[in-house]
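Engineer: First the structure, then my questions, so here it is.
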Amino acid sequence: MHSAYSFLDGASQPQELATRAAELGYGALALTDHDGVYGSLEFAHACKALGLRAITGAEVTLAGGSHITLLCENRHGYANLCRILTDAHAGTRPPERVREPLGPATTIDFVAEHSAGLVCLSGCARHGLAVVDPAGAGRLARAFRGSFYIELQRPYARGDVQRNARLSALAETLGVPLVATGDVHAHDRRRTRLQDALVAIGCRTSLEGSERQRRGNHEAVLL
């Protein structure tokens, strides 16, 4: 899930996500905000109070713009996730672009070197590494031996069936398991209109102008 700590993308607070998950009968929940663990402590406290297992993680941007999802198995994994996120943010403010920082990004090689204690998912339907760079997904599958999963999502957008068929074939070729994920950006459908507006603001355009970037069919919620 992405929370409001994924600025101008997630539309729900960690407490709201945890509460809704408990209502739906979830036993565990992973918060994977963009390139950071900003809301993880707040999320962990909210889940503990509700009897949920909180999983710490992040959606990490790689060089070239593709994404992977990293989940912590233990303290060593959390330390490695922090190293990966530090590397991703290290080059965002070069002297010549102090007023216009670059987006965070790390490399496949750096992630592979810090794979211990982490589970790696191949990324979302839009920008996932397995979708954008299957060869790169293969490199990480070897680095995360036994802890790499090809991620399948069904946002009910054009090309869903064909994309998932390609990803399933890739998983078979790599000899890795599949996992279905929700790419949650809001705790309830009532909050999805706000999520649309936040994306439009982030794109500096109107709702109509940001149609391709928005999740306009409102499927990216806890279900």
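Labels for the structure tokens follow display order: chains A, B, ..., residues from 1 in each chain, ligands from 1.
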Counting only C-alpha atoms, which residues in region 155-216 of chain A sit no more than 9 Å from region 121-128 of chain A? For each one, give the nearest pair of atoms and the distance in Å, sorted by chain then residue number, as a Markdown table.
Structural biologist:
| residue | atom | partner | partner_atom | distance |
| --- | --- | --- | --- | --- |
| A:Pro155 | CA | A:Ala125 | CA | 8.0 |
| A:Asp160 | CA | A:Ala125 | CA | 8.2 |
| A:Arg163 | CA | A:Ala125 | CA | 8.0 |
| A:Asn164 | CA | A:Ala125 | CA | 8.7 |
| A:Val179 | CA | A:Leu121 | CA | 8.2 |
| A:Thr181 | CA | A:Cys124 | CA | 8.5 |
| A:Asp183 | CA | A:Cys124 | CA | 6.9 |
Engineer: Determine, counting only C-alpha atoms, which protein, DNA and RNA residues have an atom within 12 Å of an atom of region 168-175 of chain A; residues of the same chain fewer than 4 positions away are not included. Present the result as a PyMOL selection string.
Structural biologist: chain A and resi 121-122+129-131+133-142+144-153+161-164+179-180
Engineer: Can you tell me how far CA of Gly103 (chain A) sits from CA of His76 (chain A), in Å to one decimal?
Structural biologist: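 Distance reported for this atom pair: 26.2 Å.
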Engineer: Quick check, in Å to one decimal: how far apart do CA of Arg75 (chain A) and CA of Glu113 (chain A) lie?
Structural biologist: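 Straight-line distance from CA of Arg75 (chain A) to CA of Glu113 (chain A) works out to 16.5 Å.
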Engineer: Within 12 Å of Ala105 (chain A), counting only C-alpha atoms, which residues show up once you throw out same-chain ones fewer than 5 positions away? Write them as a list in words, please.
Structural biologist: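 Selected residues are His34, Asp35, Gly36, Glu59, Val60, Thr61, Leu62, Ala63, Gly64, Gly65, Ser66, His67, Ile68, Ile84, Leu85, Thr86, Asp87, Ala88, His89, Ala90, Gly91, Thr92, Phe110 and Val111 of chain A.
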Engineer: Mind pulling up the distance from CA of Ala197 (chain A) to CA of Val184 (chain A)?
Structural biologist: 16.2 Å
Engineer: Name the residues of region 6-208 of chain A that come out as helix (DSSP H, G or I) in a backbone DSSP run; write them as number ranges by chain.
Structural biologist: A: 14-23, 40-50, 75-90, 95-97, 108-113, 129-132, 134-143, 160-174, 189-203
Engineer: Set the distance at 12 Å and use only C-alpha atoms: which residues neighbour Glu42 (chain A) once local chain neighbours fewer than 2 positions away are removed? I'd like the list as a PDB file with all heavy atoms, in the first residue's frame.
Structural biologist:
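For reference, out.pdb as written:
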ATOM      1  N   SER A   3       0.588   5.177   1.442  1.00  0.00           N
ATOM      2  CA  SER A   3      -0.173   6.049   2.334  1.00  0.00           C
ATOM      3  C   SER A   3      -0.005   7.496   1.880  1.00  0.00           C
ATOM      4  O   SER A   3       0.623   7.778   0.864  1.00  0.00           O
ATOM      5  CB  SER A   3       0.329   5.889   3.772  1.00  0.00           C
ATOM      6  OG  SER A   3       1.591   6.535   3.938  1.00  0.00           O
ATOM      7  N   ALA A   4      -0.542   8.410   2.678  1.00  0.00           N
ATOM      8  CA  ALA A   4      -0.392   9.832   2.372  1.00  0.00           C
ATOM      9  C   ALA A   4       1.068  10.270   2.444  1.00  0.00           C
ATOM     10  O   ALA A   4       1.399  11.367   1.974  1.00  0.00           O
ATOM     11  CB  ALA A   4      -1.234  10.657   3.344  1.00  0.00           C
ATOM     12  N   TYR A   5       1.944   9.432   3.023  1.00  0.00           N
ATOM     13  CA  TYR A   5       3.374   9.751   3.029  1.00  0.00           C
ATOM     14  C   TYR A   5       3.994   9.589   1.642  1.00  0.00           C
ATOM     15  O   TYR A   5       5.139  10.003   1.431  1.00  0.00           O
ATOM     16  CB  TYR A   5       4.107   8.890   4.049  1.00  0.00           C
ATOM     17  CG  TYR A   5       3.854   9.318   5.475  1.00  0.00           C
ATOM     18  CD1 TYR A   5       2.842   8.747   6.230  1.00  0.00           C
ATOM     19  CD2 TYR A   5       4.616  10.324   6.071  1.00  0.00           C
ATOM     20  CE1 TYR A   5       2.593   9.151   7.538  1.00  0.00           C
ATOM     21  CE2 TYR A   5       4.386  10.730   7.372  1.00  0.00           C
ATOM     22  CZ  TYR A   5       3.370  10.135   8.106  1.00  0.00           C
ATOM     23  OH  TYR A   5       3.131  10.546   9.394  1.00  0.00           O
ATOM     24  N   GLN A  13      -4.261   8.053   5.512  1.00  0.00           N
ATOM     25  CA  GLN A  13      -3.280   7.986   6.586  1.00  0.00           C
ATOM     26  C   GLN A  13      -3.040   6.534   7.002  1.00  0.00           C
ATOM     27  O   GLN A  13      -3.911   5.681   6.839  1.00  0.00           O
ATOM     28  CB  GLN A  13      -3.788   8.789   7.785  1.00  0.00           C
ATOM     29  CG  GLN A  13      -3.985  10.263   7.516  1.00  0.00           C
ATOM     30  CD  GLN A  13      -2.677  10.995   7.285  1.00  0.00           C
ATOM     31  OE1 GLN A  13      -1.607  10.533   7.694  1.00  0.00           O
ATOM     32  NE2 GLN A  13      -2.747  12.148   6.624  1.00  0.00           N
ATOM     33  N   PRO A  14      -1.865   6.218   7.566  1.00  0.00           N
ATOM     34  CA  PRO A  14      -1.597   4.848   8.014  1.00  0.00           C
ATOM     35  C   PRO A  14      -2.665   4.305   8.957  1.00  0.00           C
ATOM     36  O   PRO A  14      -3.046   3.133   8.855  1.00  0.00           O
ATOM     37  CB  PRO A  14      -0.233   4.978   8.711  1.00  0.00           C
ATOM     38  CG  PRO A  14       0.433   6.111   8.000  1.00  0.00           C
ATOM     39  CD  PRO A  14      -0.665   7.081   7.699  1.00  0.00           C
ATOM     40  N   GLN A  15      -3.162   5.127   9.871  1.00  0.00           N
ATOM     41  CA  GLN A  15      -4.199   4.679  10.803  1.00  0.00           C
ATOM     42  C   GLN A  15      -5.465   4.268  10.059  1.00  0.00           C
ATOM     43  O   GLN A  15      -6.097   3.262  10.391  1.00  0.00           O
ATOM     44  CB  GLN A  15      -4.522   5.794  11.799  1.00  0.00           C
ATOM     45  CG  GLN A  15      -5.661   5.470  12.761  1.00  0.00           C
ATOM     46  CD  GLN A  15      -5.270   4.413  13.778  1.00  0.00           C
ATOM     47  OE1 GLN A  15      -4.256   4.556  14.445  1.00  0.00           O
ATOM     48  NE2 GLN A  15      -6.069   3.364  13.904  1.00  0.00           N
ATOM     49  N   GLU A  16      -5.834   5.017   9.036  1.00  0.00           N
ATOM     50  CA  GLU A  16      -7.033   4.686   8.264  1.00  0.00           C
ATOM     51  C   GLU A  16      -6.864   3.370   7.517  1.00  0.00           C
ATOM     52  O   GLU A  16      -7.783   2.544   7.466  1.00  0.00           O
ATOM     53  CB  GLU A  16      -7.334   5.812   7.269  1.00  0.00           C
ATOM     54  CG  GLU A  16      -7.743   7.119   7.925  1.00  0.00           C
ATOM     55  CD  GLU A  16      -7.897   8.240   6.923  1.00  0.00           C
ATOM     56  OE1 GLU A  16      -7.004   8.405   6.067  1.00  0.00           O
ATOM     57  OE2 GLU A  16      -8.916   8.957   6.996  1.00  0.00           O
ATOM     58  N   LEU A  17      -5.676   3.161   6.953  1.00  0.00           N
ATOM     59  CA  LEU A  17      -5.410   1.922   6.231  1.00  0.00           C
ATOM     60  C   LEU A  17      -5.452   0.722   7.167  1.00  0.00           C
ATOM     61  O   LEU A  17      -6.048  -0.311   6.857  1.00  0.00           O
ATOM     62  CB  LEU A  17      -4.055   2.018   5.536  1.00  0.00           C
ATOM     63  CG  LEU A  17      -3.982   3.004   4.368  1.00  0.00           C
ATOM     64  CD1 LEU A  17      -2.539   3.386   4.079  1.00  0.00           C
ATOM     65  CD2 LEU A  17      -4.634   2.414   3.118  1.00  0.00           C
ATOM     66  N   ALA A  18      -4.838   0.856   8.335  1.00  0.00           N
ATOM     67  CA  ALA A  18      -4.813  -0.241   9.297  1.00  0.00           C
ATOM     68  C   ALA A  18      -6.220  -0.554   9.801  1.00  0.00           C
ATOM     69  O   ALA A  18      -6.615  -1.721   9.909  1.00  0.00           O
ATOM     70  CB  ALA A  18      -3.887   0.108  10.456  1.00  0.00           C
ATOM     71  N   LEU A  31       3.185  -1.659   4.307  1.00  0.00           N
ATOM     72  CA  LEU A  31       3.208  -0.271   3.870  1.00  0.00           C
ATOM     73  C   LEU A  31       4.463  -0.062   3.031  1.00  0.00           C
ATOM     74  O   LEU A  31       5.583  -0.259   3.507  1.00  0.00           O
ATOM     75  CB  LEU A  31       3.218   0.680   5.068  1.00  0.00           C
ATOM     76  CG  LEU A  31       3.116   2.162   4.721  1.00  0.00           C
ATOM     77  CD1 LEU A  31       1.760   2.478   4.084  1.00  0.00           C
ATOM     78  CD2 LEU A  31       3.313   3.029   5.961  1.00  0.00           C
ATOM     79  N   VAL A  37      10.554   5.248   4.213  1.00  0.00           N
ATOM     80  CA  VAL A  37       9.816   4.567   5.290  1.00  0.00           C
ATOM     81  C   VAL A  37       9.239   5.608   6.249  1.00  0.00           C
ATOM     82  O   VAL A  37       9.163   5.400   7.448  1.00  0.00           O
ATOM     83  CB  VAL A  37      10.731   3.563   6.036  1.00  0.00           C
ATOM     84  CG1 VAL A  37      11.059   2.375   5.146  1.00  0.00           C
ATOM     85  CG2 VAL A  37      12.024   4.228   6.516  1.00  0.00           C
ATOM     86  N   TYR A  38       8.800   6.711   5.686  1.00  0.00           N
ATOM     87  CA  TYR A  38       8.375   7.872   6.464  1.00  0.00           C
ATOM     88  C   TYR A  38       7.251   7.547   7.441  1.00  0.00           C
ATOM     89  O   TYR A  38       7.225   8.044   8.562  1.00  0.00           O
ATOM     90  CB  TYR A  38       7.917   8.989   5.527  1.00  0.00           C
ATOM     91  CG  TYR A  38       8.785   9.163   4.317  1.00  0.00           C
ATOM     92  CD1 TYR A  38       8.346   8.766   3.057  1.00  0.00           C
ATOM     93  CD2 TYR A  38      10.060   9.717   4.419  1.00  0.00           C
ATOM     94  CE1 TYR A  38       9.157   8.919   1.934  1.00  0.00           C
ATOM     95  CE2 TYR A  38      10.870   9.869   3.304  1.00  0.00           C
ATOM     96  CZ  TYR A  38      10.405   9.468   2.057  1.00  0.00           C
ATOM     97  OH  TYR A  38      11.207   9.606   0.956  1.00  0.00           O
ATOM     98  N   GLY A  39       6.298   6.735   7.031  1.00  0.00           N
ATOM     99  CA  GLY A  39       5.142   6.457   7.868  1.00  0.00           C
ATOM    100  C   GLY A  39       5.199   5.129   8.588  1.00  0.00           C
ATOM    101  O   GLY A  39       4.211   4.712   9.204  1.00  0.00           O
ATOM    102  N   SER A  40       6.358   4.452   8.553  1.00  0.00           N
ATOM    103  CA  SER A  40       6.408   3.078   9.051  1.00  0.00           C
ATOM    104  C   SER A  40       6.193   2.975  10.550  1.00  0.00           C
ATOM    105  O   SER A  40       5.537   2.036  11.026  1.00  0.00           O
ATOM    106  CB  SER A  40       7.739   2.422   8.669  1.00  0.00           C
ATOM    107  OG  SER A  40       8.834   3.132   9.227  1.00  0.00           O
ATOM    108  N   ALA A  44       3.183   1.000  12.226  1.00  0.00           N
ATOM    109  CA  ALA A  44       3.415  -0.127  13.130  1.00  0.00           C
ATOM    110  C   ALA A  44       2.607   0.020  14.413  1.00  0.00           C
ATOM    111  O   ALA A  44       2.012  -0.951  14.909  1.00  0.00           O
ATOM    112  CB  ALA A  44       4.909  -0.239  13.450  1.00  0.00           C
ATOM    113  N   HIS A  45       2.551   1.229  14.964  1.00  0.00           N
ATOM    114  CA  HIS A  45       1.763   1.463  16.181  1.00  0.00           C
ATOM    115  C   HIS A  45       0.278   1.238  15.914  1.00  0.00           C
ATOM    116  O   HIS A  45      -0.429   0.642  16.738  1.00  0.00           O
ATOM    117  CB  HIS A  45       2.002   2.880  16.701  1.00  0.00           C
ATOM    118  CG  HIS A  45       3.321   3.061  17.387  1.00  0.00           C
ATOM    119  ND1 HIS A  45       3.761   2.243  18.403  1.00  0.00           N
ATOM    120  CD2 HIS A  45       4.308   3.974  17.195  1.00  0.00           C
ATOM    121  CE1 HIS A  45       4.955   2.644  18.820  1.00  0.00           C
ATOM    122  NE2 HIS A  45       5.313   3.683  18.091  1.00  0.00           N
ATOM    123  N   ALA A  46      -0.208   1.712  14.765  1.00  0.00           N
ATOM    124  CA  ALA A  46      -1.626   1.553  14.431  1.00  0.00           C
ATOM    125  C   ALA A  46      -1.977   0.078  14.278  1.00  0.00           C
ATOM    126  O   ALA A  46      -3.026  -0.377  14.768  1.00  0.00           O
ATOM    127  CB  ALA A  46      -1.947   2.314  13.147  1.00  0.00           C
ATOM    128  N   CYS A  47      -1.112  -0.687  13.605  1.00  0.00           N
ATOM    129  CA  CYS A  47      -1.377  -2.106  13.408  1.00  0.00           C
ATOM    130  C   CYS A  47      -1.323  -2.879  14.717  1.00  0.00           C
ATOM    131  O   CYS A  47      -2.149  -3.771  14.967  1.00  0.00           O
ATOM    132  CB  CYS A  47      -0.367  -2.699  12.420  1.00  0.00           C
ATOM    133  SG  CYS A  47      -0.648  -2.214  10.701  1.00  0.00           S
ATOM    134  N   LYS A  48      -0.371  -2.545  15.592  1.00  0.00           N
ATOM    135  CA  LYS A  48      -0.243  -3.253  16.866  1.00  0.00           C
ATOM    136  C   LYS A  48      -1.502  -3.098  17.702  1.00  0.00           C
ATOM    137  O   LYS A  48      -1.986  -4.058  18.317  1.00  0.00           O
ATOM    138  CB  LYS A  48       0.965  -2.722  17.630  1.00  0.00           C
ATOM    139  CG  LYS A  48       1.245  -3.480  18.920  1.00  0.00           C
ATOM    140  CD  LYS A  48       2.517  -2.972  19.586  1.00  0.00           C
ATOM    141  CE  LYS A  48       2.815  -3.754  20.860  1.00  0.00           C
ATOM    142  NZ  LYS A  48       4.063  -3.268  21.526  1.00  0.00           N
ATOM    143  N   ALA A  49      -2.063  -1.901  17.704  1.00  0.00           N
ATOM    144  CA  ALA A  49      -3.271  -1.655  18.486  1.00  0.00           C
ATOM    145  C   ALA A  49      -4.468  -2.442  17.962  1.00  0.00           C
ATOM    146  O   ALA A  49      -5.408  -2.728  18.706  1.00  0.00           O
ATOM    147  CB  ALA A  49      -3.591  -0.162  18.487  1.00  0.00           C
ATOM    148  N   ALA A  54       2.330  -5.685  11.056  1.00  0.00           N
ATOM    149  CA  ALA A  54       2.800  -4.633  10.152  1.00  0.00           C
ATOM    150  C   ALA A  54       4.087  -5.075   9.471  1.00  0.00           C
ATOM    151  O   ALA A  54       5.031  -5.503  10.133  1.00  0.00           O
ATOM    152  CB  ALA A  54       3.042  -3.341  10.927  1.00  0.00           C
ATOM    153  N   THR A  56       7.167  -3.754   7.158  1.00  0.00           N
ATOM    154  CA  THR A  56       7.836  -2.535   6.713  1.00  0.00           C
ATOM    155  C   THR A  56       8.442  -2.758   5.335  1.00  0.00           C
ATOM    156  O   THR A  56       9.061  -3.793   5.072  1.00  0.00           O
ATOM    157  CB  THR A  56       8.947  -2.140   7.703  1.00  0.00           C
ATOM    158  OG1 THR A  56       8.359  -1.902   8.987  1.00  0.00           O
ATOM    159  CG2 THR A  56       9.668  -0.878   7.247  1.00  0.00           C
TER     160      THR A  56
END
Engineer: Between A:Arg191, A:His2, A:Arg20, A:Arg158, single out the one closest to Leu223 (chain A), counting only C-alpha atoms.
Structural biologist: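 Using only C-alpha atoms, Leu223 (chain A) sits closest to A:Arg20.
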Engineer: If we count only C-alpha atoms and set the cut-off at 8 Å, which residues sit around Gly182 (chain A), ignoring sequence neighbours fewer than 6 positions away in its own chain? Please answer as a short mmCIF file (atom, residue, chain, number, x, y, z; two decimals) with N, CA and C atoms, in the first residue's frame.
Structural biologist:
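Once written, part.cif looks like this:
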data_model
loop_
_atom_site.label_atom_id
_atom_site.label_comp_id
_atom_site.auth_asym_id
_atom_site.auth_seq_id
_atom_site.Cartn_x
_atom_site.Cartn_y
_atom_site.Cartn_z
N MET A 1 0.83 -1.20 0.00
CA MET A 1 0.00 0.00 0.00
C MET A 1 0.87 1.26 0.00
N GLN A 153 -0.97 -7.76 -10.97
CA GLN A 153 -2.02 -6.83 -10.56
C GLN A 153 -3.10 -6.77 -11.62
N ARG A 154 -4.31 -6.43 -11.21
CA ARG A 154 -5.42 -6.32 -12.15
C ARG A 154 -6.16 -5.01 -11.92
N ALA A 220 -7.74 0.85 -6.98
CA ALA A 220 -6.55 0.79 -6.14
C ALA A 220 -6.89 1.10 -4.68
N VAL A 221 -7.82 0.31 -4.12
CA VAL A 221 -8.25 0.48 -2.74
C VAL A 221 -8.18 -0.86 -2.01
N LEU A 222 -8.25 -0.82 -0.69
CA LEU A 222 -8.28 -2.05 0.08
C LEU A 222 -9.59 -2.78 -0.20
#
Engineer: Enumerate, as a list in words, the complete set of residues in region 137-221 of chain A that a backbone-based DSSP assignment places in strand (DSSP E or B).
Structural biologist: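 Here is the list: Phe148, Tyr149, Ile150, Glu151, Leu152, Leu178, Val179, Ala180, Ala186 and Val221 of chain A.
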Engineer: Which residue, A:Ile201, A:Leu52, A:Ala79, A:Cys120, has the smallest gap to Thr32 (chain A) when you use only C-alpha atoms?
Structural biologist: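 Nearest to Thr32 (chain A): A:Cys120.
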Engineer: Residues at most 10 Å from Arg93 (chain A), counting only C-alpha atoms, excluding those fewer than 6 positions away in the same chain, as a list in words?
Structural biologist: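 Skipping anything fewer than 6 positions along the chain leaves Arg99, Glu100, Pro101, Leu102, Gly103 and Pro104 of chain A.
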Engineer: Can you write out the residues you just picked, keeping C-alpha atoms, as an mmCIF file, in the first residue's frame?
Structural biologist:
data_model
loop_
_atom_site.group_PDB
_atom_site.id
_atom_site.type_symbol
_atom_site.label_atom_id
_atom_site.label_comp_id
_atom_site.auth_asym_id
_atom_site.auth_seq_id
_atom_site.Cartn_x
_atom_site.Cartn_y
_atom_site.Cartn_z
ATOM 1 C CA ARG A 99 16.149 24.401 -6.605
ATOM 2 C CA GLU A 100 14.947 21.570 -8.880
ATOM 3 C CA PRO A 101 16.050 18.308 -7.254
ATOM 4 C CA LEU A 102 16.170 15.105 -9.245
ATOM 5 C CA GLY A 103 13.977 12.151 -8.395
ATOM 6 C CA PRO A 104 15.425 9.390 -6.202
#
Engineer: Applying 8 Å and only C-alpha atoms, which residues near Ile55 (chain A) remain after dropping the ones on its own chain fewer than 3 positions away? List them as an MDAnalysis selection string.
Structural biologist: chainID A and resid 28:31 44 71:72
Engineer: A:Leu178, A:Ala21, A:Ala112, A:Leu70: which is nearest Asp33 (chain A), counting only C-alpha atoms?
Structural biologist: A:Leu70
